[in-house]
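Undergrad: File target.cif follows (mmCIF, C-alpha atoms and all ligand atoms):
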data_model
#
loop_
_atom_site.group_PDB
_atom_site.id
_atom_site.type_symbol
_atom_site.label_atom_id
_atom_site.label_comp_id
_atom_site.auth_asym_id
_atom_site.auth_seq_id
_atom_site.Cartn_x
_atom_site.Cartn_y
_atom_site.Cartn_z
ATOM 1 C CA MET A 3 3.528 19.763 -14.151
ATOM 2 C CA ILE A 4 4.573 16.144 -14.144
ATOM 3 C CA ILE A 5 1.606 13.883 -13.469
ATOM 4 C CA GLY A 6 2.353 10.384 -12.195
ATOM 5 C CA PHE A 7 -0.218 7.651 -12.607
ATOM 6 C CA ASP A 8 -0.399 4.453 -10.651
ATOM 7 C CA ALA A 9 -1.380 1.589 -12.970
ATOM 8 C CA ASP A 10 -3.154 -1.281 -11.155
ATOM 9 C CA ASP A 11 -6.725 -0.223 -10.327
ATOM 10 C CA THR A 12 -5.998 3.291 -11.570
ATOM 11 C CA LEU A 13 -5.446 2.756 -15.319
ATOM 12 C CA TRP A 14 -6.564 -0.864 -15.557
ATOM 13 C CA HIS A 15 -8.530 -3.359 -13.487
ATOM 14 C CA ASN A 16 -6.474 -5.552 -11.193
ATOM 15 C CA GLU A 17 -7.824 -6.210 -7.725
ATOM 16 C CA ASP A 18 -11.101 -7.623 -9.050
ATOM 17 C CA GLY A 19 -9.066 -10.473 -10.603
ATOM 18 C CA PHE A 20 -7.279 -11.196 -7.315
ATOM 19 C CA GLN A 21 -10.582 -11.193 -5.451
ATOM 20 C CA ALA A 22 -12.235 -13.537 -7.960
ATOM 21 C CA THR A 23 -9.216 -15.859 -7.796
ATOM 22 C CA THR A 24 -9.346 -15.835 -4.000
ATOM 23 C CA ARG A 25 -13.026 -16.907 -4.148
ATOM 24 C CA THR A 26 -12.103 -19.795 -6.485
ATOM 25 C CA PHE A 27 -9.236 -20.750 -4.165
ATOM 26 C CA GLU A 28 -11.627 -20.755 -1.207
ATOM 27 C CA GLY A 29 -13.856 -23.148 -3.169
ATOM 28 C CA LEU A 30 -10.916 -25.478 -3.924
ATOM 29 C CA LEU A 31 -10.028 -25.684 -0.246
ATOM 30 C CA GLY A 32 -13.681 -26.069 0.769
ATOM 31 C CA SER A 33 -13.274 -29.596 2.146
ATOM 32 C CA TRP A 34 -10.620 -28.438 4.638
ATOM 33 C CA ALA A 35 -11.894 -25.099 5.917
ATOM 34 C CA ASP A 36 -14.709 -22.636 5.450
ATOM 35 C CA PRO A 37 -14.204 -19.793 2.960
ATOM 36 C CA ASP A 38 -13.493 -17.090 5.553
ATOM 37 C CA GLU A 39 -10.817 -19.169 7.207
ATOM 38 C CA VAL A 40 -9.212 -20.025 3.871
ATOM 39 C CA GLY A 41 -9.210 -16.356 2.875
ATOM 40 C CA ASN A 42 -7.755 -15.256 6.214
ATOM 41 C CA ARG A 43 -5.010 -17.859 6.204
ATOM 42 C CA LEU A 44 -4.079 -17.044 2.630
ATOM 43 C CA PHE A 45 -3.862 -13.359 3.502
ATOM 44 C CA ALA A 46 -1.705 -14.087 6.570
ATOM 45 C CA ILE A 47 0.710 -16.084 4.387
ATOM 46 C CA GLU A 48 0.780 -13.371 1.704
ATOM 47 C CA LYS A 49 1.597 -10.824 4.364
ATOM 48 C CA ARG A 50 4.348 -12.987 5.838
ATOM 49 C CA ASN A 51 5.855 -13.490 2.380
ATOM 50 C CA MET A 52 5.724 -9.834 1.361
ATOM 51 C CA ASN A 53 9.357 -9.204 2.276
ATOM 52 C CA ARG A 54 10.474 -12.298 0.386
ATOM 53 C CA TYR A 55 8.435 -12.047 -2.785
ATOM 54 C CA GLY A 56 7.269 -8.458 -3.064
ATOM 55 C CA TYR A 57 3.982 -7.687 -4.812
ATOM 56 C CA GLY A 58 2.279 -9.260 -7.777
ATOM 57 C CA VAL A 59 0.712 -12.367 -9.233
ATOM 58 C CA LYS A 60 3.764 -14.634 -8.956
ATOM 59 C CA ALA A 61 4.045 -13.848 -5.244
ATOM 60 C CA PHE A 62 0.313 -14.439 -4.852
ATOM 61 C CA THR A 63 0.513 -17.798 -6.641
ATOM 62 C CA LEU A 64 3.351 -19.045 -4.434
ATOM 63 C CA SER A 65 1.380 -17.926 -1.380
ATOM 64 C CA MET A 66 -1.718 -19.787 -2.627
ATOM 65 C CA ILE A 67 0.332 -22.997 -2.971
ATOM 66 C CA GLU A 68 1.792 -22.554 0.497
ATOM 67 C CA ALA A 69 -1.639 -21.798 1.963
ATOM 68 C CA ALA A 70 -3.154 -24.853 0.250
ATOM 69 C CA LEU A 71 -0.476 -27.127 1.755
ATOM 70 C CA ASP A 72 -0.895 -25.496 5.125
ATOM 71 C CA ILE A 73 -4.713 -25.518 5.244
ATOM 72 C CA SER A 74 -4.929 -29.134 4.014
ATOM 73 C CA ASP A 75 -2.130 -30.269 6.379
ATOM 74 C CA GLY A 76 -0.224 -31.414 3.324
ATOM 75 C CA ASN A 77 -3.132 -33.485 2.017
ATOM 76 C CA ILE A 78 -4.044 -31.440 -1.047
ATOM 77 C CA ASP A 79 -3.792 -33.544 -4.195
ATOM 78 C CA THR A 80 -1.708 -32.741 -7.249
ATOM 79 C CA ALA A 81 -4.776 -32.044 -9.419
ATOM 80 C CA ASN A 82 -5.776 -29.218 -7.078
ATOM 81 C CA LEU A 83 -2.207 -27.913 -6.874
ATOM 82 C CA GLN A 84 -2.158 -27.892 -10.681
ATOM 83 C CA MET A 85 -5.429 -25.951 -10.625
ATOM 84 C CA ILE A 86 -3.872 -23.335 -8.310
ATOM 85 C CA ILE A 87 -0.917 -22.908 -10.662
ATOM 86 C CA GLU A 88 -3.404 -22.434 -13.499
ATOM 87 C CA LEU A 89 -5.285 -19.792 -11.513
ATOM 88 C CA GLY A 90 -1.987 -17.890 -11.316
ATOM 89 C CA HIS A 91 -1.344 -18.311 -15.038
ATOM 90 C CA HIS A 92 -4.825 -17.077 -15.797
ATOM 91 C CA LEU A 93 -4.192 -13.886 -13.790
ATOM 92 C CA LEU A 94 -0.821 -13.365 -15.471
ATOM 93 C CA ASP A 95 -2.214 -13.887 -18.969
ATOM 94 C CA ARG A 96 -5.194 -11.636 -18.463
ATOM 95 C CA PRO A 97 -4.888 -8.695 -20.857
ATOM 96 C CA ALA A 98 -4.871 -5.224 -19.301
ATOM 97 C CA GLU A 99 -8.546 -4.256 -19.139
ATOM 98 C CA LEU A 100 -8.705 -0.472 -19.029
ATOM 99 C CA ILE A 101 -10.690 1.549 -16.505
ATOM 100 C CA ASP A 102 -13.462 3.650 -18.110
ATOM 101 C CA ASP A 103 -12.377 6.852 -19.867
ATOM 102 C CA VAL A 104 -8.629 6.201 -19.487
ATOM 103 C CA VAL A 105 -7.702 7.048 -23.066
ATOM 104 C CA THR A 106 -9.654 10.317 -23.271
ATOM 105 C CA VAL A 107 -8.417 11.391 -19.847
ATOM 106 C CA LEU A 108 -4.774 10.713 -20.743
ATOM 107 C CA GLU A 109 -5.186 12.580 -24.029
ATOM 108 C CA GLU A 110 -6.707 15.559 -22.289
ATOM 109 C CA VAL A 111 -4.320 15.716 -19.323
ATOM 110 C CA GLY A 112 -1.356 14.980 -21.607
ATOM 111 C CA ARG A 113 -2.006 18.135 -23.623
ATOM 112 C CA GLU A 114 -1.107 20.295 -20.622
ATOM 113 C CA HIS A 115 1.189 18.065 -18.613
ATOM 114 C CA THR A 116 3.915 15.449 -18.870
ATOM 115 C CA LEU A 117 2.764 11.998 -17.819
ATOM 116 C CA MET A 118 4.507 9.108 -16.084
ATOM 117 C CA ILE A 119 3.423 5.643 -14.950
ATOM 118 C CA ILE A 120 4.756 4.621 -11.557
ATOM 119 C CA THR A 121 3.643 1.132 -10.656
ATOM 120 C CA LYS A 122 4.870 -1.460 -8.209
ATOM 121 C CA GLY A 123 4.837 -5.201 -8.527
ATOM 122 C CA ASP A 124 6.497 -7.857 -10.553
ATOM 123 C CA LEU A 125 8.773 -6.202 -13.121
ATOM 124 C CA TYR A 126 8.192 -8.657 -15.969
ATOM 125 C CA HIS A 127 4.406 -8.787 -15.516
ATOM 126 C CA GLN A 128 4.036 -5.027 -15.163
ATOM 127 C CA LEU A 129 6.130 -4.357 -18.281
ATOM 128 C CA ALA A 130 3.964 -6.859 -20.180
ATOM 129 C CA ARG A 131 0.806 -5.124 -19.000
ATOM 130 C CA ILE A 132 2.113 -1.679 -19.885
ATOM 131 C CA ASP A 133 2.788 -3.033 -23.386
ATOM 132 C CA SER A 134 -0.553 -4.812 -23.734
ATOM 133 C CA SER A 135 -2.481 -1.799 -22.437
ATOM 134 C CA GLY A 136 -1.708 0.193 -25.586
ATOM 135 C CA LEU A 137 -1.219 3.255 -23.357
ATOM 136 C CA LYS A 138 2.569 3.499 -23.474
ATOM 137 C CA ASP A 139 2.726 6.361 -25.988
ATOM 138 C CA HIS A 140 0.863 8.658 -23.608
ATOM 139 C CA PHE A 141 3.730 8.501 -21.124
ATOM 140 C CA TRP A 142 7.086 10.219 -20.961
ATOM 141 C CA ARG A 143 8.411 7.582 -18.563
ATOM 142 C CA THR A 144 7.121 4.259 -17.263
ATOM 143 C CA GLU A 145 8.636 3.019 -14.022
ATOM 144 C CA VAL A 146 8.142 -0.263 -12.158
ATOM 145 C CA VAL A 147 9.331 -0.029 -8.560
ATOM 146 C CA ALA A 148 9.604 -2.528 -5.700
ATOM 147 C CA HIS A 149 8.135 -0.201 -3.057
ATOM 148 C CA LYS A 150 6.114 2.977 -3.125
ATOM 149 C CA ASP A 151 7.644 4.766 -0.169
ATOM 150 C CA PRO A 152 8.899 8.339 0.181
ATOM 151 C CA ALA A 153 12.533 7.315 -0.509
ATOM 152 C CA THR A 154 11.589 5.586 -3.772
ATOM 153 C CA TYR A 155 9.547 8.559 -5.001
ATOM 154 C CA SER A 156 12.398 10.924 -4.069
ATOM 155 C CA GLN A 157 14.979 8.875 -5.944
ATOM 156 C CA LEU A 158 12.743 8.500 -8.961
ATOM 157 C CA LEU A 159 11.928 12.195 -9.197
ATOM 158 C CA SER A 160 15.547 13.267 -8.810
ATOM 159 C CA LEU A 161 16.626 10.666 -11.383
ATOM 160 C CA HIS A 162 14.286 12.318 -13.889
ATOM 161 C CA GLY A 163 15.081 15.884 -12.792
ATOM 162 C CA VAL A 164 11.570 16.514 -11.446
ATOM 163 C CA LEU A 165 11.037 18.708 -8.373
ATOM 164 C CA PRO A 166 8.460 17.396 -5.868
ATOM 165 C CA ARG A 167 6.523 20.656 -6.047
ATOM 166 C CA GLU A 168 6.063 20.100 -9.782
ATOM 167 C CA PHE A 169 4.744 16.578 -9.229
ATOM 168 C CA VAL A 170 1.229 15.233 -8.720
ATOM 169 C CA MET A 171 0.589 11.509 -8.256
ATOM 170 C CA ILE A 172 -2.768 9.950 -9.113
ATOM 171 C CA GLY A 173 -3.780 6.575 -7.708
ATOM 172 C CA ASN A 174 -6.261 4.329 -5.955
ATOM 173 C CA SER A 175 -4.086 3.686 -2.903
ATOM 174 C CA LEU A 176 -3.620 6.278 -0.163
ATOM 175 C CA PRO A 177 -0.614 4.543 1.461
ATOM 176 C CA SER A 178 1.145 3.823 -1.853
ATOM 177 C CA ASP A 179 0.174 6.614 -4.233
ATOM 178 C CA VAL A 180 -0.798 9.596 -2.128
ATOM 179 C CA PHE A 181 0.758 9.771 1.352
ATOM 180 C CA PRO A 182 4.409 9.120 0.409
ATOM 181 C CA VAL A 183 4.238 11.801 -2.303
ATOM 182 C CA ILE A 184 2.747 14.337 0.112
ATOM 183 C CA GLU A 185 5.534 13.434 2.549
ATOM 184 C CA ILE A 186 8.232 14.443 0.074
ATOM 185 C CA GLY A 187 6.555 17.741 -0.826
ATOM 186 C CA GLY A 188 4.523 16.697 -3.840
ATOM 187 C CA ARG A 189 0.787 16.350 -4.192
ATOM 188 C CA GLY A 190 -1.506 13.381 -4.556
ATOM 189 C CA ILE A 191 -5.030 12.758 -5.779
ATOM 190 C CA HIS A 192 -6.915 9.713 -4.590
ATOM 191 C CA ILE A 193 -9.264 7.949 -7.011
ATOM 192 C CA PRO A 194 -10.602 4.906 -5.137
ATOM 193 C CA TYR A 195 -11.242 1.605 -6.880
ATOM 194 C CA PRO A 196 -14.422 -0.264 -5.849
ATOM 195 C CA VAL A 197 -12.383 -2.995 -4.120
ATOM 196 C CA THR A 198 -9.245 -2.398 -2.074
ATOM 197 C CA TRP A 199 -6.629 -5.015 -1.271
ATOM 198 C CA ALA A 200 -6.545 -5.630 2.488
ATOM 199 C CA MET A 201 -2.858 -4.653 2.523
ATOM 200 C CA GLU A 202 -3.764 -1.163 1.273
ATOM 201 C CA HIS A 203 -6.452 -0.381 3.823
ATOM 202 C CA VAL A 204 -5.785 2.750 5.855
ATOM 203 C CA ASP A 205 -6.553 3.531 9.444
ATOM 204 C CA PRO A 206 -8.884 6.557 9.187
ATOM 205 C CA ASP A 207 -6.907 8.271 11.955
ATOM 206 C CA VAL A 208 -3.816 8.169 9.779
ATOM 207 C CA ALA A 209 -5.713 9.326 6.716
ATOM 208 C CA HIS A 210 -6.914 12.283 8.719
ATOM 209 C CA PHE A 211 -3.385 13.679 9.034
ATOM 210 C CA HIS A 212 -3.059 14.245 5.329
ATOM 211 C CA SER A 213 -5.462 16.111 3.217
ATOM 212 C CA ALA A 214 -5.648 14.753 -0.283
ATOM 213 C CA PRO A 215 -8.502 15.342 -2.683
ATOM 214 C CA THR A 216 -10.594 12.327 -3.610
ATOM 215 C CA LEU A 217 -12.305 12.038 -6.981
ATOM 216 C CA ASN A 218 -15.126 9.646 -7.776
ATOM 217 C CA SER A 219 -13.681 8.616 -11.099
ATOM 218 C CA LEU A 220 -10.854 9.230 -13.520
ATOM 219 C CA ALA A 221 -13.251 11.164 -15.751
ATOM 220 C CA GLU A 222 -13.261 13.964 -13.162
ATOM 221 C CA LEU A 223 -9.498 14.388 -13.341
ATOM 222 C CA PRO A 224 -9.012 16.825 -16.251
ATOM 223 C CA ALA A 225 -11.417 19.433 -14.877
ATOM 224 C CA PHE A 226 -10.096 19.006 -11.352
ATOM 225 C CA LEU A 227 -6.465 19.422 -12.426
ATOM 226 C CA ALA A 228 -7.296 22.494 -14.462
ATOM 227 C CA ASP A 229 -8.375 24.266 -11.268
ATOM 228 C CA TRP A 230 -5.858 22.710 -8.922
ATOM 229 C CA VAL A 231 -2.414 23.000 -10.512
HETATM 230 MG MG MG B 1 -3.080 0.737 -7.615
#
Take the structure in the file and write it out as structure tokens.
Ligand SMILES: [Mg+2]
TA:
Amino acid sequence: MIIGFDADDTLWHNEDGFQATTRTFEGLLGSWADPDEVGNRLFAIEKRNMNRYGYGVKAFTLSMIEAALDISDGNIDTANLQMIIELGHHLLDRPAELIDDVVTVLEEVGREHTLMIITKGDLYHQLARIDSSGLKDHFWRTEVVAHKDPATYSQLLSLHGVLPREFVMIGNSLPSDVFPVIEIGGRGIHIPYPVTWAMEHVDPDVAHFHSAPTLNSLAELPAFLADWV
């Protein structure tokens, strides 16, 4: 089988950094609005910019700057704008911090199966993180895509000569890692991360249409796959 792994919040920590940065941003804008309002307005701007910028830290940083100007009615000072840019740099420069048991799990699963990374986000940043993770040698292919939709998975699998029925995708996001793969005839395993980005939340009614196994942690994957594929 070909086993695809999502990267952010599946192989390494990611969303915790965005959440911590959002809390700092809320503090910076504290004289103009309360934290909930700052967070909500930032999220609304991120969502509006999604089609322009795509995913990732650079997009998030531009949205923070826009939100700061918006929330402060243009009154935010340059020192605070500089601080926001630095928050973005800090997220970009953060080394890939691996999820528990990643290396042993990849070694074990890689003995039986061929492994790929399929991650979305900013190309340059994701390639840098794949390199800094030290995990690259475990993978046959590493792919950074703009969207994780059924069409993208289909194109990617056919590009690499992989049939959907031979493909299992592992990830923390149901709408990005699991549902689109099930839709094209592959399989998906959901391994939730403790915090989920608001954009990746799923309506439970939708989730109900698809049955995908959920594991509590990556450490459960080798034994589960041994029985399942
Ligand atoms: Mg993810």
Undergrad: At a cut-off of 6 Å from (-0.3, -15.8, -0.2) in the coordinates of the file, what residues are picked up using only C-alpha atoms, written as a CSV table (one decimal) with C-alpha atoms, keeping the file's coordinate frame?
TA:
chain,number,residue,atom,x,y,z
A,44,LEU,CA,-4.1,-17.0,2.6
A,45,PHE,CA,-3.9,-13.4,3.5
A,47,ILE,CA,0.7,-16.1,4.4
A,48,GLU,CA,0.8,-13.4,1.7
A,62,PHE,CA,0.3,-14.4,-4.9
A,65,SER,CA,1.4,-17.9,-1.4
A,66,MET,CA,-1.7,-19.8,-2.6
Undergrad: Enumerate, in order of chain and increasing residue number, the residues of chain A with an atom no farther than 7 Å from ligand MG 1 (chain B), each with its shortest atom pair and distance in Å to one decimal, counting all atoms listed in the file, as a tab-separated table.
TA:
residue	atom	partner	partner_atom	distance
A:Asp8	CA	B:MG1	MG	5.5
A:Ala9	CA	B:MG1	MG	5.7
A:Asp10	CA	B:MG1	MG	4.1
A:Asp11	CA	B:MG1	MG	4.6
A:Thr12	CA	B:MG1	MG	5.5
A:Gly173	CA	B:MG1	MG	5.9
A:Asn174	CA	B:MG1	MG	5.1
A:Ser175	CA	B:MG1	MG	5.6
Undergrad: Report, in Å to a single decimal, how far apart CA of Thr106 in chain A and CA of Val146 in chain A are.
TA: 23.5 Å
Undergrad: Can you turn the PyMOL selection byres (((chain A and resi 166) around 10) and not hetatm) into a concrete residue list for this file, as a ChimeraX atom specification?
TA: /A:3-4,155-156,159-160,163-165,167-170,183-189
Undergrad: For this structure, which residues satisfy the selection - the PyMOL selection byres (((chain A and resi 213-224) around 8) and not hetatm) - when it is evaluated on the file as given? I want them as a ChimeraX atom specification.
TA: /A:12,102-104,107,110-111,180,189-194,209-212,225-228
Undergrad: Here is a test: counting all atoms listed in the file, which residue of A:Val204, A:Ile132, A:Leu137, A:Ile120 is nearest to Gly6 in chain A?
TA: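 Comparing A:Val204, A:Ile132, A:Leu137, A:Ile120 against Gly6 in chain A, the winner is A:Ile120.
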Undergrad: Just to confirm, what's the straight-line distance from CA of Leu31 in chain A to CA of Glu17 in chain A in Å (one decimal)?
TA: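 It comes out at 21.0 Å.
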Undergrad: So how far away is CA of His15 in chain A from CA of Ala98 in chain A, in Å?
TA: 7.1 Å
Undergrad: Determine, counting all atoms listed in the file, which protein, DNA and RNA residues have an atom within 6 Å of an atom of Met118 in chain A; residues of the same chain fewer than 6 positions away are not included. Present the result as a PyMOL selection string.
TA: chain A and resi 6+141-144
Undergrad: Write out as an mmCIF file with C-alpha atoms, in the coordinates of the input the residues lying within 8 Å of Ser74 in chain A, counting all atoms listed in the file and excluding same-chain residues fewer than 4 positions away.
TA:
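Saved to out-v7.cif:
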data_model
loop_
_atom_site.group_PDB
_atom_site.id
_atom_site.type_symbol
_atom_site.label_atom_id
_atom_site.label_comp_id
_atom_site.auth_asym_id
_atom_site.auth_seq_id
_atom_site.Cartn_x
_atom_site.Cartn_y
_atom_site.Cartn_z
ATOM 1 C CA LEU A 31 -10.028 -25.684 -0.246
ATOM 2 C CA TRP A 34 -10.620 -28.438 4.638
ATOM 3 C CA ALA A 70 -3.154 -24.853 0.250
ATOM 4 C CA ILE A 78 -4.044 -31.440 -1.047
#
Undergrad: So that I can check the surroundings of Thr24 in chain A, please list as a PyMOL selection string every protein, DNA and RNA residue that reaches within 8 Å of it, counting all atoms listed in the file and ignoring chain neighbours fewer than 4 positions away.
TA: chain A and resi 20+28+41
Undergrad: Would you place a box with edges along x, y and z of the file around all atoms of range 128-136 of chain A listed there, add 6 Å to each of its six sides, and report the centre and edge lengths in Å to one decimal, as lines of an AutoDock Vina configuration file?
TA:
center_x = 1.8
center_y = -3.3
center_z = -20.4
size_x = 20.6
size_y = 19.1
size_z = 22.4
Undergrad: Using only C-alpha atoms, can you list as a ChimeraX atom specification the residues within 12 Å of (0.9, -15.0, -4.5)?
TA: /A:20,23-24,27,44-52,54-70,86-87,89-91,93-94,123-124
Undergrad: For a quick check of understanding, using all atoms listed in the file, which of A:Asp38, A:Asp18, A:Glu99, A:Asp79 has the smallest distance to Val197 in chain A?
TA: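 Of all the options, A:Asp18 lies closest to Val197 in chain A.
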Undergrad: Would you please work out which residue, of A:Ala81, A:Leu176, A:Ile119, A:Asp36, is nearest to Tyr195 in chain A when using all atoms listed in the file?
TA: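 Smallest separation from Tyr195 in chain A among the options: A:Leu176.
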